[in-house]
>>> print(open('run34.cif').read())   # mmCIF, N, CA and C atoms
data_target
#
loop_
_atom_site.label_atom_id
_atom_site.label_comp_id
_atom_site.auth_asym_id
_atom_site.auth_seq_id
_atom_site.Cartn_x
_atom_site.Cartn_y
_atom_site.Cartn_z
N MET E 1416 88.04 144.63 76.34
CA MET E 1416 88.38 143.62 75.36
C MET E 1416 89.50 144.16 74.48
N SER E 1417 90.45 143.32 74.20
CA SER E 1417 91.61 143.75 73.41
C SER E 1417 91.24 143.94 71.94
N LEU E 1418 92.08 144.67 71.23
CA LEU E 1418 91.88 144.88 69.81
C LEU E 1418 91.91 143.55 69.07
N TYR E 1419 92.82 142.67 69.47
CA TYR E 1419 92.90 141.35 68.84
C TYR E 1419 91.60 140.57 69.05
N ALA E 1420 91.04 140.59 70.25
CA ALA E 1420 89.81 139.85 70.53
C ALA E 1420 88.64 140.40 69.71
N ARG E 1421 88.56 141.73 69.60
CA ARG E 1421 87.50 142.32 68.78
C ARG E 1421 87.68 141.97 67.31
N ALA E 1422 88.93 141.98 66.83
CA ALA E 1422 89.20 141.63 65.43
C ALA E 1422 88.92 140.16 65.17
N ALA E 1423 89.25 139.29 66.13
CA ALA E 1423 88.96 137.87 65.96
C ALA E 1423 87.45 137.63 65.93
N ARG E 1424 86.71 138.36 66.75
CA ARG E 1424 85.24 138.26 66.72
C ARG E 1424 84.71 138.68 65.35
N HIS E 1425 85.30 139.73 64.78
CA HIS E 1425 84.90 140.16 63.44
C HIS E 1425 85.20 139.06 62.41
N ALA E 1426 86.33 138.39 62.54
CA ALA E 1426 86.68 137.32 61.61
C ALA E 1426 85.64 136.18 61.67
N TRP E 1427 85.19 135.84 62.87
CA TRP E 1427 84.16 134.81 63.00
C TRP E 1427 82.84 135.28 62.40
N ARG E 1428 82.50 136.56 62.60
CA ARG E 1428 81.27 137.10 61.98
C ARG E 1428 81.37 137.04 60.47
N MET E 1429 82.56 137.30 59.93
CA MET E 1429 82.74 137.24 58.48
C MET E 1429 82.57 135.80 57.97
N LEU E 1430 83.01 134.82 58.73
CA LEU E 1430 82.80 133.44 58.34
C LEU E 1430 81.30 133.13 58.27
N GLY E 1431 80.54 133.65 59.23
CA GLY E 1431 79.08 133.48 59.18
C GLY E 1431 78.46 134.20 58.00
N ALA E 1432 78.94 135.40 57.70
CA ALA E 1432 78.43 136.15 56.55
C ALA E 1432 78.75 135.43 55.25
N LEU E 1433 79.94 134.82 55.17
CA LEU E 1433 80.31 134.05 53.97
C LEU E 1433 79.38 132.85 53.81
N ALA E 1434 79.09 132.14 54.90
CA ALA E 1434 78.17 131.00 54.84
C ALA E 1434 76.78 131.46 54.40
N LEU E 1435 76.32 132.58 54.92
CA LEU E 1435 75.02 133.13 54.53
C LEU E 1435 75.00 133.50 53.05
N ALA E 1436 76.07 134.11 52.56
CA ALA E 1436 76.15 134.50 51.15
C ALA E 1436 76.12 133.26 50.24
N VAL E 1437 76.84 132.23 50.62
CA VAL E 1437 76.85 130.99 49.83
C VAL E 1437 75.46 130.36 49.84
N LEU E 1438 74.82 130.32 51.01
CA LEU E 1438 73.47 129.76 51.09
C LEU E 1438 72.47 130.56 50.26
N LEU E 1439 72.62 131.87 50.25
CA LEU E 1439 71.75 132.71 49.43
C LEU E 1439 71.88 132.36 47.95
N VAL E 1440 73.10 132.26 47.47
CA VAL E 1440 73.32 131.95 46.06
C VAL E 1440 72.80 130.55 45.72
N VAL E 1441 73.08 129.58 46.59
CA VAL E 1441 72.62 128.21 46.33
C VAL E 1441 71.09 128.14 46.36
N ALA E 1442 70.46 128.80 47.33
CA ALA E 1442 69.00 128.77 47.42
C ALA E 1442 68.34 129.42 46.20
N VAL E 1443 68.84 130.56 45.78
CA VAL E 1443 68.27 131.23 44.60
C VAL E 1443 68.50 130.38 43.36
N ASP E 1444 69.67 129.75 43.27
CA ASP E 1444 69.96 128.90 42.12
C ASP E 1444 69.01 127.70 42.07
N ARG E 1445 68.73 127.11 43.23
CA ARG E 1445 67.82 125.95 43.29
C ARG E 1445 66.37 126.35 42.97
N LEU E 1446 65.94 127.50 43.49
CA LEU E 1446 64.55 127.89 43.34
C LEU E 1446 64.24 128.56 41.99
N TYR E 1447 65.15 129.40 41.52
CA TYR E 1447 64.86 130.20 40.33
C TYR E 1447 65.83 129.99 39.17
N GLY E 1448 66.83 129.19 39.36
CA GLY E 1448 67.85 129.03 38.34
C GLY E 1448 68.96 130.05 38.52
N HIS E 1449 69.94 130.01 37.65
CA HIS E 1449 71.09 130.91 37.75
C HIS E 1449 70.65 132.37 37.70
N SER E 1450 71.14 133.16 38.65
CA SER E 1450 70.77 134.56 38.70
C SER E 1450 71.98 135.41 39.07
N SER E 1451 72.26 136.40 38.25
CA SER E 1451 73.34 137.34 38.54
C SER E 1451 72.98 138.22 39.73
N PHE E 1452 71.68 138.41 39.98
CA PHE E 1452 71.25 139.23 41.11
C PHE E 1452 71.63 138.58 42.43
N ALA E 1453 71.57 137.25 42.50
CA ALA E 1453 71.95 136.55 43.73
C ALA E 1453 73.44 136.76 44.01
N PHE E 1454 74.26 136.67 42.98
CA PHE E 1454 75.69 136.91 43.16
C PHE E 1454 75.96 138.36 43.58
N ALA E 1455 75.24 139.28 42.96
CA ALA E 1455 75.41 140.70 43.31
C ALA E 1455 74.99 140.94 44.76
N ALA E 1456 73.88 140.32 45.18
CA ALA E 1456 73.42 140.48 46.56
C ALA E 1456 74.44 139.87 47.54
N ALA E 1457 75.01 138.73 47.19
CA ALA E 1457 76.01 138.09 48.05
C ALA E 1457 77.26 138.97 48.17
N ILE E 1458 77.69 139.54 47.08
CA ILE E 1458 78.86 140.42 47.10
C ILE E 1458 78.59 141.65 47.95
N MET E 1459 77.42 142.24 47.80
CA MET E 1459 77.08 143.42 48.60
C MET E 1459 77.00 143.06 50.09
N LEU E 1460 76.44 141.90 50.41
CA LEU E 1460 76.38 141.44 51.79
C LEU E 1460 77.78 141.32 52.38
N LEU E 1461 78.70 140.74 51.63
CA LEU E 1461 80.06 140.57 52.13
C LEU E 1461 80.80 141.91 52.25
N LEU E 1462 80.57 142.81 51.31
CA LEU E 1462 81.21 144.13 51.41
C LEU E 1462 80.73 144.90 52.64
N VAL E 1463 79.44 144.89 52.87
CA VAL E 1463 78.88 145.62 54.02
C VAL E 1463 79.33 144.97 55.33
N ALA E 1464 79.33 143.64 55.37
CA ALA E 1464 79.73 142.93 56.60
C ALA E 1464 81.21 143.13 56.91
N ASN E 1465 82.04 143.33 55.88
CA ASN E 1465 83.48 143.45 56.08
C ASN E 1465 83.95 144.89 56.29
N ALA E 1466 83.08 145.85 56.11
CA ALA E 1466 83.47 147.26 56.27
C ALA E 1466 84.10 147.58 57.63
N PRO E 1467 83.61 147.00 58.75
CA PRO E 1467 84.23 147.31 60.05
C PRO E 1467 85.69 146.87 60.16
N MET E 1468 86.16 146.02 59.26
CA MET E 1468 87.55 145.55 59.31
C MET E 1468 88.54 146.72 59.30
N LEU E 1469 88.18 147.79 58.66
CA LEU E 1469 89.10 148.93 58.52
C LEU E 1469 89.31 149.69 59.83
N ARG E 1470 88.54 149.36 60.88
CA ARG E 1470 88.69 150.05 62.17
C ARG E 1470 89.61 149.33 63.14
N PHE E 1471 90.12 148.17 62.79
CA PHE E 1471 90.98 147.41 63.71
C PHE E 1471 92.44 147.77 63.46
N ASN E 1472 92.82 148.97 63.90
CA ASN E 1472 94.17 149.50 63.66
C ASN E 1472 94.96 149.54 64.97
N CYS E 1473 96.27 149.39 64.84
CA CYS E 1473 97.18 149.47 65.98
C CYS E 1473 97.05 150.85 66.63
N PRO E 1474 96.91 150.90 67.95
CA PRO E 1474 96.78 152.20 68.61
C PRO E 1474 98.06 153.03 68.58
N GLN E 1475 99.21 152.41 68.35
CA GLN E 1475 100.47 153.18 68.32
C GLN E 1475 100.79 153.71 66.93
N CYS E 1476 100.73 152.84 65.92
CA CYS E 1476 101.18 153.28 64.59
C CYS E 1476 100.06 153.35 63.56
N GLY E 1477 98.91 152.75 63.84
CA GLY E 1477 97.77 152.84 62.92
C GLY E 1477 97.70 151.75 61.87
N LYS E 1478 98.61 150.78 61.88
CA LYS E 1478 98.56 149.69 60.88
C LYS E 1478 97.41 148.75 61.21
N ASN E 1479 96.70 148.32 60.18
CA ASN E 1479 95.56 147.44 60.35
C ASN E 1479 96.00 146.04 60.76
N ALA E 1480 95.25 145.40 61.66
CA ALA E 1480 95.60 144.08 62.18
C ALA E 1480 95.41 142.97 61.15
N PHE E 1481 94.63 143.21 60.10
CA PHE E 1481 94.38 142.19 59.10
C PHE E 1481 95.34 142.25 57.91
N PHE E 1482 96.17 143.27 57.84
CA PHE E 1482 97.08 143.42 56.71
C PHE E 1482 98.43 142.80 57.01
N ARG E 1483 98.96 142.03 56.05
CA ARG E 1483 100.32 141.49 56.12
C ARG E 1483 101.03 142.04 54.89
N GLY E 1484 101.71 143.16 55.05
CA GLY E 1484 102.30 143.85 53.91
C GLY E 1484 101.16 144.38 53.04
N PRO E 1485 101.19 144.12 51.74
CA PRO E 1485 100.12 144.61 50.87
C PRO E 1485 98.90 143.68 50.84
N PHE E 1486 98.95 142.55 51.55
CA PHE E 1486 97.89 141.55 51.47
C PHE E 1486 96.97 141.61 52.68
N VAL E 1487 95.69 141.33 52.45
CA VAL E 1487 94.71 141.23 53.52
C VAL E 1487 94.48 139.74 53.78
N VAL E 1488 94.51 139.36 55.04
CA VAL E 1488 94.32 137.96 55.43
C VAL E 1488 93.07 137.85 56.31
N PRO E 1489 92.48 136.66 56.41
CA PRO E 1489 91.22 136.54 57.14
C PRO E 1489 91.34 136.51 58.66
N TRP E 1490 92.56 136.39 59.22
CA TRP E 1490 92.70 136.35 60.67
C TRP E 1490 93.68 137.43 61.12
N PRO E 1491 93.38 138.16 62.21
CA PRO E 1491 94.23 139.28 62.64
C PRO E 1491 95.53 138.82 63.31
N ASN E 1492 96.49 139.72 63.34
CA ASN E 1492 97.74 139.50 64.07
C ASN E 1492 97.54 139.73 65.56
N ARG E 1493 98.31 139.01 66.37
CA ARG E 1493 98.29 139.26 67.82
C ARG E 1493 99.20 140.44 68.17
N SER E 1494 100.18 140.72 67.31
CA SER E 1494 101.05 141.87 67.52
C SER E 1494 101.19 142.62 66.20
N CYS E 1495 101.41 143.90 66.30
CA CYS E 1495 101.52 144.74 65.11
C CYS E 1495 102.75 144.36 64.30
N THR E 1496 102.58 144.25 62.99
CA THR E 1496 103.71 143.88 62.14
C THR E 1496 104.63 145.07 61.86
N ARG E 1497 104.17 146.28 62.16
CA ARG E 1497 105.01 147.45 61.93
C ARG E 1497 105.81 147.85 63.18
N CYS E 1498 105.11 147.99 64.31
CA CYS E 1498 105.80 148.50 65.51
C CYS E 1498 105.97 147.45 66.61
N GLY E 1499 105.34 146.28 66.47
CA GLY E 1499 105.49 145.21 67.46
C GLY E 1499 104.58 145.34 68.68
N HIS E 1500 103.67 146.30 68.68
CA HIS E 1500 102.75 146.50 69.81
C HIS E 1500 101.89 145.25 70.01
N ASP E 1501 101.69 144.85 71.28
CA ASP E 1501 100.87 143.68 71.61
C ASP E 1501 99.40 144.05 71.47
N LEU E 1502 98.73 143.54 70.43
CA LEU E 1502 97.33 143.87 70.18
C LEU E 1502 96.39 143.04 71.04
N ASP E 1503 96.91 142.03 71.71
CA ASP E 1503 96.10 141.17 72.57
C ASP E 1503 96.00 141.71 73.99
N ARG E 1504 96.72 142.79 74.26
CA ARG E 1504 96.68 143.43 75.59
C ARG E 1504 95.44 144.33 75.66
N PRO E 1505 94.68 144.27 76.75
CA PRO E 1505 93.48 145.12 76.87
C PRO E 1505 93.85 146.60 76.84
N HIS E 1506 92.93 147.40 76.35
CA HIS E 1506 93.11 148.85 76.29
C HIS E 1506 93.25 149.37 77.72
N PRO E 1507 94.14 150.38 77.97
CA PRO E 1507 94.36 150.89 79.34
C PRO E 1507 93.08 151.37 80.03
N SER E 1508 92.11 151.88 79.30
CA SER E 1508 90.89 152.37 79.92
C SER E 1508 90.02 151.22 80.43
N GLN E 1509 90.33 150.00 80.04
CA GLN E 1509 89.54 148.84 80.48
C GLN E 1509 90.16 148.15 81.68
N ASN E 1510 91.28 148.63 82.18
CA ASN E 1510 91.96 148.03 83.32
C ASN E 1510 91.49 148.68 84.61
N ARG E 1511 90.30 148.37 85.03
CA ARG E 1511 89.74 148.96 86.25
C ARG E 1511 89.59 147.92 87.31
#
>>> encode(input="run34.cif", output="structure tokens")
Amino acid sequence: MSLYARAARHAWRMLGALALAVLLVVAVDRLYGHSSFAFAAAIMLLLVANAPMLRFNCPQCGKNAFFRGPFVVPWPNRSCTRCGHDLDRPHPSQNR
């Protein structure tokens, strides 16, 4: 599986984690009223779920697929913005 495909899968997982975090906050708000603990739990859930994002780096130059200059975006690049490497191409060890 290509780096782009793995990064895109991570982006979809993050969308699910975001939906779960929103549902958590809404459910706690409905059942117990406003709670800062629900927001803190949602933030921690999103931080832990997004930690793997830092491993989706270009194999040639090391630039992260989710970074566009100094900004982080929710969807990865198909090609590296620094060296132009095709991130959608499967890794050579997977070409059997």
>>> atom_distance(input="run34.cif", atom1="CA of Ala1453 (chain E)", atom2="atom N of Leu1430 (chain E)")
18.7 Å
>>> select_by_dssp(input="run34.cif", residues="region 1422-1487 of chain E", states="strand (DSSP E)", output="count of residues only")
4
>>> resolve_selection(input="run34.cif", expression="the PyMOL selection byres (((chain E and resi 1421 and name CA) around 12) and name CA)", output="ChimeraX atom specification")
/E:1416-1420,1422-1428,1467-1468,1470-1472,1480-1481,1490-1493,1502-1506
>>> resolve_selection(input="run34.cif", expression="the PyMOL selection byres ((chain E and resi 1436) around 7)", output="PyMOL selection string")
chain E and resi 1431-1435+1437-1441+1456-1458+1460-1461
>>> atom_distance(input="run34.cif", atom1="CA of Ala1466 (chain E)", atom2="CA of Cys1495 (chain E)")
20.3 Å
>>> closest_residue(input="run34.cif", among="E:His1500, E:Val1488, E:Ala1455, E:Ser1450", to="Gln1475 (chain E)", atoms="only N, CA and C atoms")
E:His1500
>>> atom_distance(input="run34.cif", atom1="atom N of Asn1465 (chain E)", atom2="atom N of Asn1479 (chain E)")
16.1 Å
>>> axis_aligned_box(input="run34.cif", around="region 1473-1486 of chain E", padding_each_side="5 Å", output="AutoDock Vina command-line options")
--center_x 98.3 --center_y 147.6 --center_z 59.7 --size_x 17.9 --size_y 22.2 --size_z 27.8
